[in-house]
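> Have a peek at data_21.pdb (PDB, C-alpha atoms).
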ATOM      1  CA  MET O  18      -0.686  -2.615  -0.403
ATOM      2  CA  GLU O  19      -2.548  -1.597  -3.502
ATOM      3  CA  VAL O  20      -4.516   1.177  -5.154
ATOM      4  CA  THR O  21      -8.175   0.242  -5.477
ATOM      5  CA  GLY O  22      -9.940   3.365  -6.754
ATOM      6  CA  ARG O  23     -12.861   5.463  -5.640
ATOM      7  CA  ALA O  24     -16.204   3.720  -5.313
ATOM      8  CA  SER O  25     -17.596   5.332  -8.463
ATOM      9  CA  ASP O  26     -14.394   4.397 -10.326
ATOM     10  CA  ARG O  27     -14.354   0.743  -9.349
ATOM     11  CA  PRO O  28     -15.666  -1.801 -11.850
ATOM     12  CA  GLY O  29     -19.262  -2.686 -11.157
ATOM     13  CA  VAL O  30     -20.013   0.341  -8.978
ATOM     14  CA  GLY O  31     -22.348   3.102 -10.117
ATOM     15  CA  ASP O  32     -21.780   6.813 -10.129
ATOM     16  CA  GLY O  33     -23.652   7.463  -6.893
ATOM     17  CA  LYS O  34     -21.726   8.857  -3.955
ATOM     18  CA  MET O  35     -21.806   7.122  -0.601
ATOM     19  CA  ALA O  36     -20.285   8.260   2.688
ATOM     20  CA  LEU O  37     -17.540   5.913   3.818
ATOM     21  CA  ASP O  38     -18.066   3.876   6.976
ATOM     22  CA  ALA O  39     -14.512   4.304   8.266
ATOM     23  CA  ARG O  40     -14.813   1.645  10.963
ATOM     24  CA  ALA O  41     -16.220  -0.884   8.533
ATOM     25  CA  PHE O  42     -13.452  -0.132   6.036
ATOM     26  CA  THR O  43     -10.761  -0.574   8.689
ATOM     27  CA  ALA O  44     -12.386  -3.811   9.863
ATOM     28  CA  PHE O  45     -12.423  -5.138   6.295
ATOM     29  CA  GLU O  46      -8.769  -4.186   5.810
ATOM     30  CA  SER O  47      -7.764  -5.818   9.085
ATOM     31  CA  SER O  48      -9.638  -9.036   8.353
ATOM     32  CA  ALA O  49      -8.426  -9.207   4.754
ATOM     33  CA  HIS O  50      -4.796  -8.728   5.684
ATOM     34  CA  ASP O  51      -5.078 -11.261   8.499
ATOM     35  CA  ARG O  52      -6.209 -13.740   5.851
ATOM     36  CA  ILE O  53      -3.514 -13.000   3.273
ATOM     37  CA  ALA O  54      -0.582 -12.255   5.588
ATOM     38  CA  GLY O  55       1.460 -15.255   4.440
ATOM     39  CA  SER O  56       0.798 -14.853   0.741
ATOM     40  CA  TYR O  57       1.333 -11.090   0.972
ATOM     41  CA  SER O  58       4.776 -11.652   2.446
ATOM     42  CA  GLU O  59       5.671 -14.208  -0.214
ATOM     43  CA  HIS O  60       4.187 -12.624  -3.322
ATOM     44  CA  PHE O  61       3.459  -8.910  -2.786
ATOM     45  CA  ALA O  62       6.123  -7.715  -0.340
ATOM     46  CA  PRO O  63       8.875  -8.087  -2.985
ATOM     47  CA  LEU O  64       6.955  -5.521  -5.060
ATOM     48  CA  THR O  65       6.465  -3.059  -2.206
ATOM     49  CA  SER O  66      10.127  -3.480  -1.282
ATOM     50  CA  PHE O  67      11.099  -1.338  -4.278
ATOM     51  CA  ALA O  68      10.225   1.728  -2.203
ATOM     52  CA  VAL O  69      11.944   0.735   1.031
ATOM     53  CA  MET O  70      15.387   2.233   0.389
ATOM     54  CA  PRO O  71      14.018   5.522  -1.029
ATOM     55  CA  LEU O  72      11.668   5.655   1.958
ATOM     56  CA  VAL O  73      14.324   5.234   4.655
ATOM     57  CA  GLU O  74      16.588   7.688   2.826
ATOM     58  CA  ALA O  75      13.808  10.285   2.703
ATOM     59  CA  ALA O  76      13.289   9.765   6.437
ATOM     60  CA  ARG O  77      17.017  10.408   7.037
ATOM     61  CA  ILE O  78      17.455   7.271   9.120
ATOM     62  CA  THR O  79      20.769   7.159  10.985
ATOM     63  CA  PRO O  80      22.043   5.047  13.909
ATOM     64  CA  GLY O  81      20.231   5.614  17.174
ATOM     65  CA  ARG O  82      17.166   7.287  15.626
ATOM     66  CA  ARG O  83      13.831   6.203  17.076
ATOM     67  CA  VAL O  84      11.722   5.040  14.124
ATOM     68  CA  LEU O  85       8.059   4.061  13.883
ATOM     69  CA  ASP O  86       6.923   2.008  10.886
ATOM     70  CA  VAL O  87       3.160   2.503  10.506
ATOM     71  CA  ALA O  88       1.139  -0.237   8.763
ATOM     72  CA  THR O  89       4.280  -2.327   8.891
ATOM     73  CA  GLY O  90       2.802  -5.426   7.226
ATOM     74  CA  PRO O  91       5.477  -8.159   7.321
ATOM     75  CA  GLY O  92       7.979  -5.646   8.727
ATOM     76  CA  VAL O  93      10.183  -5.054   5.691
ATOM     77  CA  ALA O  94      10.591  -1.289   6.135
ATOM     78  CA  ALA O  95      11.023  -1.663   9.890
ATOM     79  CA  ALA O  96      13.839  -4.159   9.277
ATOM     80  CA  ALA O  97      15.511  -1.819   6.782
ATOM     81  CA  ALA O  98      15.475   0.996   9.352
ATOM     82  CA  LYS O  99      16.961  -1.311  11.978
ATOM     83  CA  GLU O 100      19.715  -2.330   9.567
ATOM     84  CA  ARG O 101      20.696   1.333   9.493
ATOM     85  CA  GLY O 102      21.086   1.294  13.265
ATOM     86  CA  ALA O 103      17.704   2.746  14.208
ATOM     87  CA  VAL O 104      15.697   1.742  17.269
ATOM     88  CA  THR O 105      12.642   0.545  15.411
ATOM     89  CA  THR O 106       9.005  -0.151  16.311
ATOM     90  CA  GLY O 107       6.313  -1.385  13.920
ATOM     91  CA  VAL O 108       2.523  -1.221  14.149
ATOM     92  CA  ASP O 109      -0.260  -2.642  12.018
ATOM     93  CA  VAL O 110      -4.028  -2.921  12.356
ATOM     94  CA  SER O 111      -3.807  -6.575  11.245
ATOM     95  CA  ALA O 112      -2.925  -8.995  14.042
ATOM     96  CA  GLY O 113      -1.960 -11.562  11.416
ATOM     97  CA  MET O 114       0.567  -9.202   9.860
ATOM     98  CA  VAL O 115       1.997  -8.288  13.263
ATOM     99  CA  ALA O 116       2.397 -11.963  14.183
ATOM    100  CA  LEU O 117       4.207 -12.606  10.908
ATOM    101  CA  ALA O 118       6.440  -9.538  11.302
ATOM    102  CA  GLN O 119       7.325 -10.500  14.875
ATOM    103  CA  LYS O 120       8.182 -14.064  13.847
ATOM    104  CA  THR O 121      10.293 -12.865  10.923
ATOM    105  CA  HIS O 122      12.028 -10.059  12.854
ATOM    106  CA  PRO O 123      12.129 -11.137  16.530
ATOM    107  CA  ASP O 124      14.574  -8.363  17.431
ATOM    108  CA  ILE O 125      12.051  -5.620  16.509
ATOM    109  CA  GLU O 126       9.115  -4.531  18.661
ATOM    110  CA  PHE O 127       5.723  -4.794  16.935
ATOM    111  CA  HIS O 128       2.226  -3.876  18.133
ATOM    112  CA  VAL O 129      -1.324  -4.247  16.860
ATOM    113  CA  ALA O 130      -2.570  -0.666  16.572
ATOM    114  CA  ASP O 131      -4.770   1.570  14.453
ATOM    115  CA  VAL O 132      -3.028   4.568  12.902
ATOM    116  CA  LEU O 133      -5.806   6.751  14.335
ATOM    117  CA  ALA O 134      -4.874   5.781  17.901
ATOM    118  CA  LEU O 135      -1.145   5.135  18.127
ATOM    119  CA  PRO O 136      -0.199   3.880  21.619
ATOM    120  CA  PHE O 137       2.784   6.195  22.022
ATOM    121  CA  ALA O 138       3.536   9.496  23.717
ATOM    122  CA  ASP O 139       3.789  12.804  21.883
ATOM    123  CA  GLY O 140       7.168  13.185  20.202
ATOM    124  CA  ALA O 141       8.193   9.579  20.881
ATOM    125  CA  PHE O 142       9.930   9.065  17.503
ATOM    126  CA  ASP O 143      12.529  10.798  15.385
ATOM    127  CA  ALA O 144      11.062   9.410  12.152
ATOM    128  CA  VAL O 145       7.782   7.879  11.012
ATOM    129  CA  LEU O 146       7.649   5.609   7.963
ATOM    130  CA  CYS O 147       4.688   4.181   6.063
ATOM    131  CA  ASN O 148       5.164   1.971   3.009
ATOM    132  CA  PHE O 149       2.124   1.749   0.703
ATOM    133  CA  ALA O 150      -0.656   2.112   3.260
ATOM    134  CA  LEU O 151      -1.665   5.763   2.861
ATOM    135  CA  GLY O 152      -4.475   5.014   0.407
ATOM    136  CA  HIS O 153      -5.893   2.428   2.775
ATOM    137  CA  PHE O 154      -6.479   4.918   5.594
ATOM    138  CA  PRO O 155     -10.201   5.815   5.589
ATOM    139  CA  GLU O 156      -9.457   9.102   7.396
ATOM    140  CA  PRO O 157      -6.078  10.189   5.975
ATOM    141  CA  GLU O 158      -6.021  13.675   7.513
ATOM    142  CA  ALA O 159      -6.620  12.255  10.982
ATOM    143  CA  ALA O 160      -4.042   9.524  10.336
ATOM    144  CA  LEU O 161      -1.406  12.095   9.356
ATOM    145  CA  ALA O 162      -2.213  14.202  12.411
ATOM    146  CA  GLU O 163      -1.661  11.189  14.650
ATOM    147  CA  CYS O 164       1.628  10.329  12.931
ATOM    148  CA  VAL O 165       2.826  13.920  13.354
ATOM    149  CA  ARG O 166       1.763  13.844  17.016
ATOM    150  CA  VAL O 167       4.226  11.051  17.803
ATOM    151  CA  LEU O 168       6.980  12.716  15.764
ATOM    152  CA  ALA O 169       9.581  14.733  17.664
ATOM    153  CA  ALA O 170      10.415  18.302  16.699
ATOM    154  CA  GLY O 171      12.709  18.234  13.697
ATOM    155  CA  GLY O 172      11.754  14.631  12.947
ATOM    156  CA  MET O 173      11.045  13.309   9.459
ATOM    157  CA  LEU O 174       7.926  11.633   8.103
ATOM    158  CA  ALA O 175       8.164   9.625   4.877
ATOM    159  CA  PHE O 176       5.290   7.808   3.162
ATOM    160  CA  SER O 177       5.142   5.901  -0.113
ATOM    161  CA  TRP O 178       2.060   5.484  -2.294
ATOM    162  CA  TRP O 179       1.289   4.104  -5.738
ATOM    163  CA  ASP O 180       0.990   6.165  -8.884
ATOM    164  CA  HIS O 181      -2.125   5.892 -11.057
ATOM    165  CA  PRO O 182      -2.815   2.378 -12.433
ATOM    166  CA  ASP O 183      -2.094   3.681 -15.949
ATOM    167  CA  ARG O 184       1.538   3.748 -14.817
ATOM    168  CA  GLN O 185       1.472   1.276 -11.899
ATOM    169  CA  ARG O 186       0.722  -1.626 -14.204
ATOM    170  CA  VAL O 187       0.549  -4.525 -11.751
ATOM    171  CA  GLN O 188      -2.509  -2.864 -10.247
ATOM    172  CA  GLY O 189      -3.684  -1.638 -13.613
ATOM    173  CA  LEU O 190      -3.742  -5.081 -15.232
ATOM    174  CA  PHE O 191      -5.939  -6.470 -12.468
ATOM    175  CA  ARG O 192      -8.300  -3.499 -12.564
ATOM    176  CA  GLU O 193      -8.632  -3.801 -16.335
ATOM    177  CA  THR O 194      -9.310  -7.527 -16.057
ATOM    178  CA  ILE O 195     -12.090  -6.848 -13.553
ATOM    179  CA  ALA O 196     -13.532  -4.127 -15.789
ATOM    180  CA  GLU O 197     -13.452  -6.314 -18.909
ATOM    181  CA  LEU O 198     -15.381  -9.068 -17.128
ATOM    182  CA  GLU O 199     -17.686  -6.515 -15.455
ATOM    183  CA  LEU O 200     -17.120  -8.049 -12.044
ATOM    184  CA  PRO O 201     -18.770  -6.294  -9.091
ATOM    185  CA  PRO O 202     -16.707  -5.436  -6.024
ATOM    186  CA  HIS O 203     -16.784  -7.867  -3.130
ATOM    187  CA  PRO O 204     -20.013  -7.233  -1.188
ATOM    188  CA  ALA O 205     -18.091  -6.883   2.082
ATOM    189  CA  VAL O 206     -15.956  -3.972   0.818
ATOM    190  CA  PRO O 207     -17.446  -0.690   2.108
ATOM    191  CA  GLU O 208     -18.038   1.878  -0.629
ATOM    192  CA  GLY O 209     -17.017   5.506  -0.681
ATOM    193  CA  HIS O 210     -13.220   5.406  -0.278
ATOM    194  CA  ASP O 211     -10.995   7.052  -2.906
ATOM    195  CA  THR O 212      -7.651   5.250  -2.786
ATOM    196  CA  LEU O 213      -6.501   6.984  -5.961
ATOM    197  CA  ARG O 214      -6.629  10.367  -4.237
ATOM    198  CA  PHE O 215      -2.935  10.393  -3.348
ATOM    199  CA  SER O 216      -1.876   8.970  -6.684
ATOM    200  CA  ASP O 217      -1.928  12.683  -7.546
ATOM    201  CA  PRO O 218       1.375  14.167  -6.293
ATOM    202  CA  LYS O 219      -0.224  17.575  -5.692
ATOM    203  CA  ALA O 220      -2.847  16.032  -3.400
ATOM    204  CA  PHE O 221      -0.130  13.993  -1.674
ATOM    205  CA  ALA O 222       1.960  17.098  -1.019
ATOM    206  CA  GLN O 223      -1.050  19.072   0.187
ATOM    207  CA  LEU O 224      -1.891  16.329   2.693
ATOM    208  CA  LEU O 225       1.620  16.550   4.160
ATOM    209  CA  ARG O 226       1.569  20.335   4.300
ATOM    210  CA  ALA O 227      -1.880  20.385   5.902
ATOM    211  CA  ALA O 228      -0.500  18.130   8.650
ATOM    212  CA  GLY O 229       1.951  20.929   9.501
ATOM    213  CA  LEU O 230       5.064  19.442   7.924
ATOM    214  CA  MET O 231       7.833  21.637   6.489
ATOM    215  CA  GLU O 232      10.182  21.058   3.546
ATOM    216  CA  VAL O 233       7.595  18.833   1.880
ATOM    217  CA  ALA O 234       8.733  16.962  -1.230
ATOM    218  CA  VAL O 235       6.937  14.329  -3.302
ATOM    219  CA  THR O 236       9.213  12.387  -5.626
ATOM    220  CA  ALA O 237       8.111  10.134  -8.478
ATOM    221  CA  CYS O 238       9.898   6.794  -8.779
ATOM    222  CA  ARG O 239       9.768   4.496 -11.808
ATOM    223  CA  ALA O 240      10.961   0.909 -12.210
ATOM    224  CA  PHE O 241      10.195  -2.397 -13.868
ATOM    225  CA  TYR O 242       9.159  -5.519 -12.003
ATOM    226  CA  MET O 243      10.199  -8.717 -13.743
ATOM    227  CA  VAL O 244       7.999 -11.761 -13.194
ATOM    228  CA  PRO O 245       8.571 -15.100 -14.904
ATOM    229  CA  ASP O 246       5.046 -15.583 -16.238
ATOM    230  CA  ALA O 247       1.348 -14.778 -15.878
ATOM    231  CA  ASP O 248       0.951 -17.352 -13.111
ATOM    232  CA  ALA O 249       3.422 -15.428 -10.979
ATOM    233  CA  LEU O 250       1.604 -12.181 -11.758
ATOM    234  CA  TRP O 251      -1.690 -13.800 -10.719
ATOM    235  CA  ASN O 252      -0.144 -14.887  -7.404
ATOM    236  CA  ILE O 253       1.140 -11.368  -6.756
ATOM    237  CA  GLY O 254      -2.287  -9.813  -7.165
ATOM    238  CA  MET O 255      -4.419 -12.503  -5.593
ATOM    239  CA  GLY O 256      -1.958 -12.979  -2.743
ATOM    240  CA  GLY O 257      -1.393  -9.328  -1.952
ATOM    241  CA  MET O 258      -4.118  -6.973  -3.185
ATOM    242  CA  ALA O 259      -6.709  -7.545  -0.493
ATOM    243  CA  VAL O 260      -9.359  -5.160  -1.805
ATOM    244  CA  THR O 261      -8.944  -5.252  -5.575
ATOM    245  CA  ALA O 262      -8.406  -9.007  -5.762
ATOM    246  CA  SER O 263     -11.475  -9.625  -3.601
ATOM    247  CA  ALA O 264     -13.639  -8.821  -6.659
ATOM    248  CA  ILE O 265     -12.119 -11.887  -8.337
ATOM    249  CA  ALA O 266     -11.858 -14.046  -5.226
ATOM    250  CA  ALA O 267     -15.611 -13.671  -4.626
ATOM    251  CA  GLN O 268     -16.417 -15.311  -7.996
ATOM    252  CA  ASN O 269     -17.011 -18.970  -8.761
ATOM    253  CA  THR O 270     -14.253 -21.213 -10.087
ATOM    254  CA  ALA O 271     -15.222 -20.763 -13.743
ATOM    255  CA  THR O 272     -15.221 -16.956 -13.517
ATOM    256  CA  GLN O 273     -11.912 -16.947 -11.697
ATOM    257  CA  ALA O 274     -10.464 -19.070 -14.512
ATOM    258  CA  ARG O 275     -11.764 -16.537 -17.059
ATOM    259  CA  ALA O 276     -10.162 -13.720 -15.059
ATOM    260  CA  ARG O 277      -6.867 -15.573 -15.018
ATOM    261  CA  HIS O 278      -7.042 -15.996 -18.791
ATOM    262  CA  VAL O 279      -7.862 -12.314 -19.377
ATOM    263  CA  LEU O 280      -5.040 -11.213 -17.092
ATOM    264  CA  ALA O 281      -2.561 -13.435 -18.939
ATOM    265  CA  ARG O 282      -3.686 -12.078 -22.300
ATOM    266  CA  ARG O 283      -3.352  -8.474 -21.183
ATOM    267  CA  ALA O 284       0.024  -9.092 -19.557
ATOM    268  CA  GLU O 285       1.472 -10.271 -22.880
ATOM    269  CA  ALA O 286       1.930  -6.602 -23.779
ATOM    270  CA  TYR O 287       4.904  -6.672 -21.394
ATOM    271  CA  ARG O 288       6.553  -9.838 -22.681
ATOM    272  CA  ALA O 289      10.369  -9.722 -22.574
ATOM    273  CA  ALA O 290      13.075 -12.324 -23.063
ATOM    274  CA  ALA O 291      13.184 -13.254 -19.363
ATOM    275  CA  GLY O 292       9.449 -13.088 -18.672
ATOM    276  CA  LEU O 293       7.027 -10.232 -18.100
ATOM    277  CA  GLN O 294       8.615  -6.820 -17.545
ATOM    278  CA  ILE O 295       5.869  -4.864 -15.771
ATOM    279  CA  PRO O 296       6.223  -1.079 -15.346
ATOM    280  CA  ILE O 297       5.631   0.145 -11.808
ATOM    281  CA  SER O 298       5.425   3.696 -10.538
ATOM    282  CA  TYR O 299       5.078   5.199  -7.073
ATOM    283  CA  TYR O 300       5.687   8.349  -5.038
ATOM    284  CA  ILE O 301       7.746   9.063  -1.951
ATOM    285  CA  GLY O 302       6.304  11.936   0.066
ATOM    286  CA  ALA O 303       8.332  13.372   2.928
ATOM    287  CA  GLY O 304       8.386  16.314   5.275
ATOM    288  CA  ARG O 305       9.911  17.570   8.514
ATOM    289  CA  ARG O 306       8.135  18.529  11.704
ATOM    290  CA  SER O 307       9.065  22.017  12.808
TER     291      SER O 307
END
Would you put the structure from the file into structure tokens?

Amino acid sequence: MEVTGRASDRPGVGDGKMALDARAFTAFESSAHDRIAGSYSEHFAPLTSFAVMPLVEAARITPGRRVLDVATGPGVAAAAAKERGAVTTGVDVSAGMVALAQKTHPDIEFHVADVLALPFADGAFDAVLCNFALGHFPEPEAALAECVRVLAAGGMLAFSWWDHPDRQRVQGLFRETIAELELPPHPAVPEGHDTLRFSDPKAFAQLLRAAGLMEVAVTACRAFYMVPDADALWNIGMGGMAVTASAIAAQNTATQARARHVLARRAEAYRAAAGLQIPISYYIGAGRRS
């Protein structure tokens, strides 16, 4: 999942503040990810997979551990935990994503569930994972409280989230394309949500500490994502960034073609011998329940 920016920071949105309609935001996210589930798995999941191994390592996954993967998407992190011998369960608010995850990983249990109302008993899991969904939770403090509720004493929680688009350049290139063309956000996207909030490692760490976690650590991770050409980059964004890409998807064919051209021009800054070498950057935040 992707960083989209606070309402006042998004291209086409004014400086006025607006209270977030959390239910409307969750409904938009659910519907959008239902729609793009297949393309997300094909085009965007390879990008989010960079964080999977650091995530399961931070969560100290070992054989027999009971692991919950929150906002599991196509189930990549859940599958990685199972490969380490964990007893794994995945949940996602998108029924389309859950159906895809279940089809792809039939030996893992998946459920449709909102992070604010996890259908599990207190202390049901030894570890809770979440790969690139934190910034999509409209009520992050409540979401963390619910994740900690289902975490057993001594259990580990590990979340990943994107760095600022200045350093997470897949997201950044799309945001800059939208800004250059002065495209408004999709009218169905509720305003008022700051998904860049936890692109600040201090804010990320404070969120984990405020949830009552101990031994909190937020680690920066840097890499390069090689794509063959601008067409592949376009497919990654349009097929996986449900909120950001909706500003382009809502436009007519001619404007979408202009956006594709602008994106390709901007991406040339990362031209390498084998294609486009795009810098990516993200954080792994982890902590232990006392």
> Give as a ChimeraX atom specification the residues that the PyMOL selection byres ((chain O and resi 229) around 9) matches when applied to the coordinates above.
/O:162,165,225-228,230-231,304-307
> Evaluate the PyMOL selection byres ((chain O and resi 238) around 10) on the structure here and hand back the selected residues as a ChimeraX atom specification.
/O:67-68,71,177,179-180,235-237,239-240,297-301
> Find the residue from O:Tyr242, O:Phe149, O:Phe127, O:Trp251 that sits nearest to Pro296 (chain O); use all atoms listed in the file when measuring.
O:Tyr242
> One decimal, Å: what's the distance from CA of Ile265 (chain O) over to CA of Asn148 (chain O), could you say?
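Value for the CA of Ile265 (chain O)-CA of Asn148 (chain O) distance: 24.9 Å.
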> Please write as a PyMOL selection string the full residue list that the PyMOL selection byres ((chain O and resi 38) around 12) yields on this file.
chain O and resi 35-37+39-45+154-156+205-210
> Restricting the calculation to only C-alpha atoms: of O:Glu163, O:His50, O:Ile295, O:Arg214, which residue gets closest to Ala138 (chain O)?
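Distance minimum relative to Ala138 (chain O) lands on O:Glu163.
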> Choose the residue, out of O:Asn269, O:Thr121, O:Asn252, O:Thr105, that has the smallest atom-to-atom separation from Ala144 (chain O); count only C-alpha atoms.
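Among O:Asn269, O:Thr121, O:Asn252, O:Thr105, it is O:Thr105 that comes nearest to Ala144 (chain O).
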> Extract, using all atoms listed in the file, all DNA, RNA and protein residues at most 6 Å from Phe61 (chain O), discarding same-chain residues fewer than 2 positions from it, and format them as a PyMOL selection string.
chain O and resi 57+63-64+253+257
> With 6 Å as the threshold, what does the neighbourhood of (11.0, 1.3, 9.8) contain in terms of residues, counting only C-alpha atoms? Coordinates are those of the file; answer as a PyMOL selection string.
chain O and resi 84-86+94-95+98+105+146
> Just the selected residues (C-alpha atoms), exported as a PDB file, keeping the file's coordinate frame, please.

ATOM      1  CA  VAL O  84      11.722   5.040  14.124  1.00  0.00           C
ATOM      2  CA  LEU O  85       8.059   4.061  13.883  1.00  0.00           C
ATOM      3  CA  ASP O  86       6.923   2.008  10.886  1.00  0.00           C
ATOM      4  CA  ALA O  94      10.591  -1.289   6.135  1.00  0.00           C
ATOM      5  CA  ALA O  95      11.023  -1.663   9.890  1.00  0.00           C
ATOM      6  CA  ALA O  98      15.475   0.996   9.352  1.00  0.00           C
ATOM      7  CA  THR O 105      12.642   0.545  15.411  1.00  0.00           C
ATOM      8  CA  LEU O 146       7.649   5.609   7.963  1.00  0.00           C
TER       9      LEU O 146
END
> Which of these residues is nearest to Val244 (chain O), using all atoms listed in the file: O:Ala54, O:Val187, O:Val69, O:Ala160?
O:Val187
> With a distance cut-off of 9 Å and only C-alpha atoms, select the neighbouring residues of Val87 (chain O), excluding the residue or stretch itself and same-chain residues fewer than 6 positions from it, and output the selection as a PDB file with C-alpha atoms, keeping the file's coordinate frame.

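out10.pdb was written with the following content:
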ATOM      1  CA  ALA O  95      11.023  -1.663   9.890  1.00  0.00           C
ATOM      2  CA  THR O 106       9.005  -0.151  16.311  1.00  0.00           C
ATOM      3  CA  GLY O 107       6.313  -1.385  13.920  1.00  0.00           C
ATOM      4  CA  VAL O 108       2.523  -1.221  14.149  1.00  0.00           C
ATOM      5  CA  ASP O 109      -0.260  -2.642  12.018  1.00  0.00           C
ATOM      6  CA  ALA O 130      -2.570  -0.666  16.572  1.00  0.00           C
ATOM      7  CA  ASP O 131      -4.770   1.570  14.453  1.00  0.00           C
ATOM      8  CA  VAL O 132      -3.028   4.568  12.902  1.00  0.00           C
ATOM      9  CA  VAL O 145       7.782   7.879  11.012  1.00  0.00           C
ATOM     10  CA  LEU O 146       7.649   5.609   7.963  1.00  0.00           C
ATOM     11  CA  CYS O 147       4.688   4.181   6.063  1.00  0.00           C
ATOM     12  CA  ASN O 148       5.164   1.971   3.009  1.00  0.00           C
ATOM     13  CA  ALA O 150      -0.656   2.112   3.260  1.00  0.00           C
ATOM     14  CA  CYS O 164       1.628  10.329  12.931  1.00  0.00           C
TER      15      CYS O 164
END
> For Ala247 (chain O), find every residue with an atom within 9 Å (counting all atoms listed in the file), except residues of its own chain fewer than 2 positions away, and show them as a short mmCIF file (atom, residue, chain, number, x, y, z; two decimals) with C-alpha atoms, in the coordinates of the input.

data_model
loop_
_atom_site.label_atom_id
_atom_site.label_comp_id
_atom_site.auth_asym_id
_atom_site.auth_seq_id
_atom_site.Cartn_x
_atom_site.Cartn_y
_atom_site.Cartn_z
CA VAL O 244 8.00 -11.76 -13.19
CA PRO O 245 8.57 -15.10 -14.90
CA ALA O 249 3.42 -15.43 -10.98
CA LEU O 250 1.60 -12.18 -11.76
CA TRP O 251 -1.69 -13.80 -10.72
CA ASN O 252 -0.14 -14.89 -7.40
CA ARG O 277 -6.87 -15.57 -15.02
CA HIS O 278 -7.04 -16.00 -18.79
CA LEU O 280 -5.04 -11.21 -17.09
CA ALA O 281 -2.56 -13.44 -18.94
CA ARG O 282 -3.69 -12.08 -22.30
CA ALA O 284 0.02 -9.09 -19.56
CA GLU O 285 1.47 -10.27 -22.88
CA GLY O 292 9.45 -13.09 -18.67
CA LEU O 293 7.03 -10.23 -18.10
#
> From the list O:Val129, O:Ala289, O:Ala141, O:Met243, which residue is nearest Gly113 (chain O) when using all atoms listed in the file?
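With all atoms listed in the file as the atom set, the closest residue is O:Val129.
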> What is the distance, in Å and to one decimal place, between CA of Glu193 (chain O) and CA of Val260 (chain O)?
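It comes out at 14.6 Å.
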> One number please: CA of Val233 (chain O) to CA of Phe221 (chain O), in Å, one decimal.
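CA of Phe221 (chain O) lies 9.8 Å from CA of Val233 (chain O).
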> Return the single residue from O:Glu74, O:Pro201, O:Ala286, O:Val279 that is closest to Ala267 (chain O), with distances computed using only C-alpha atoms.
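Between O:Glu74, O:Pro201, O:Ala286, O:Val279, the residue approaching Ala267 (chain O) most closely is O:Pro201.
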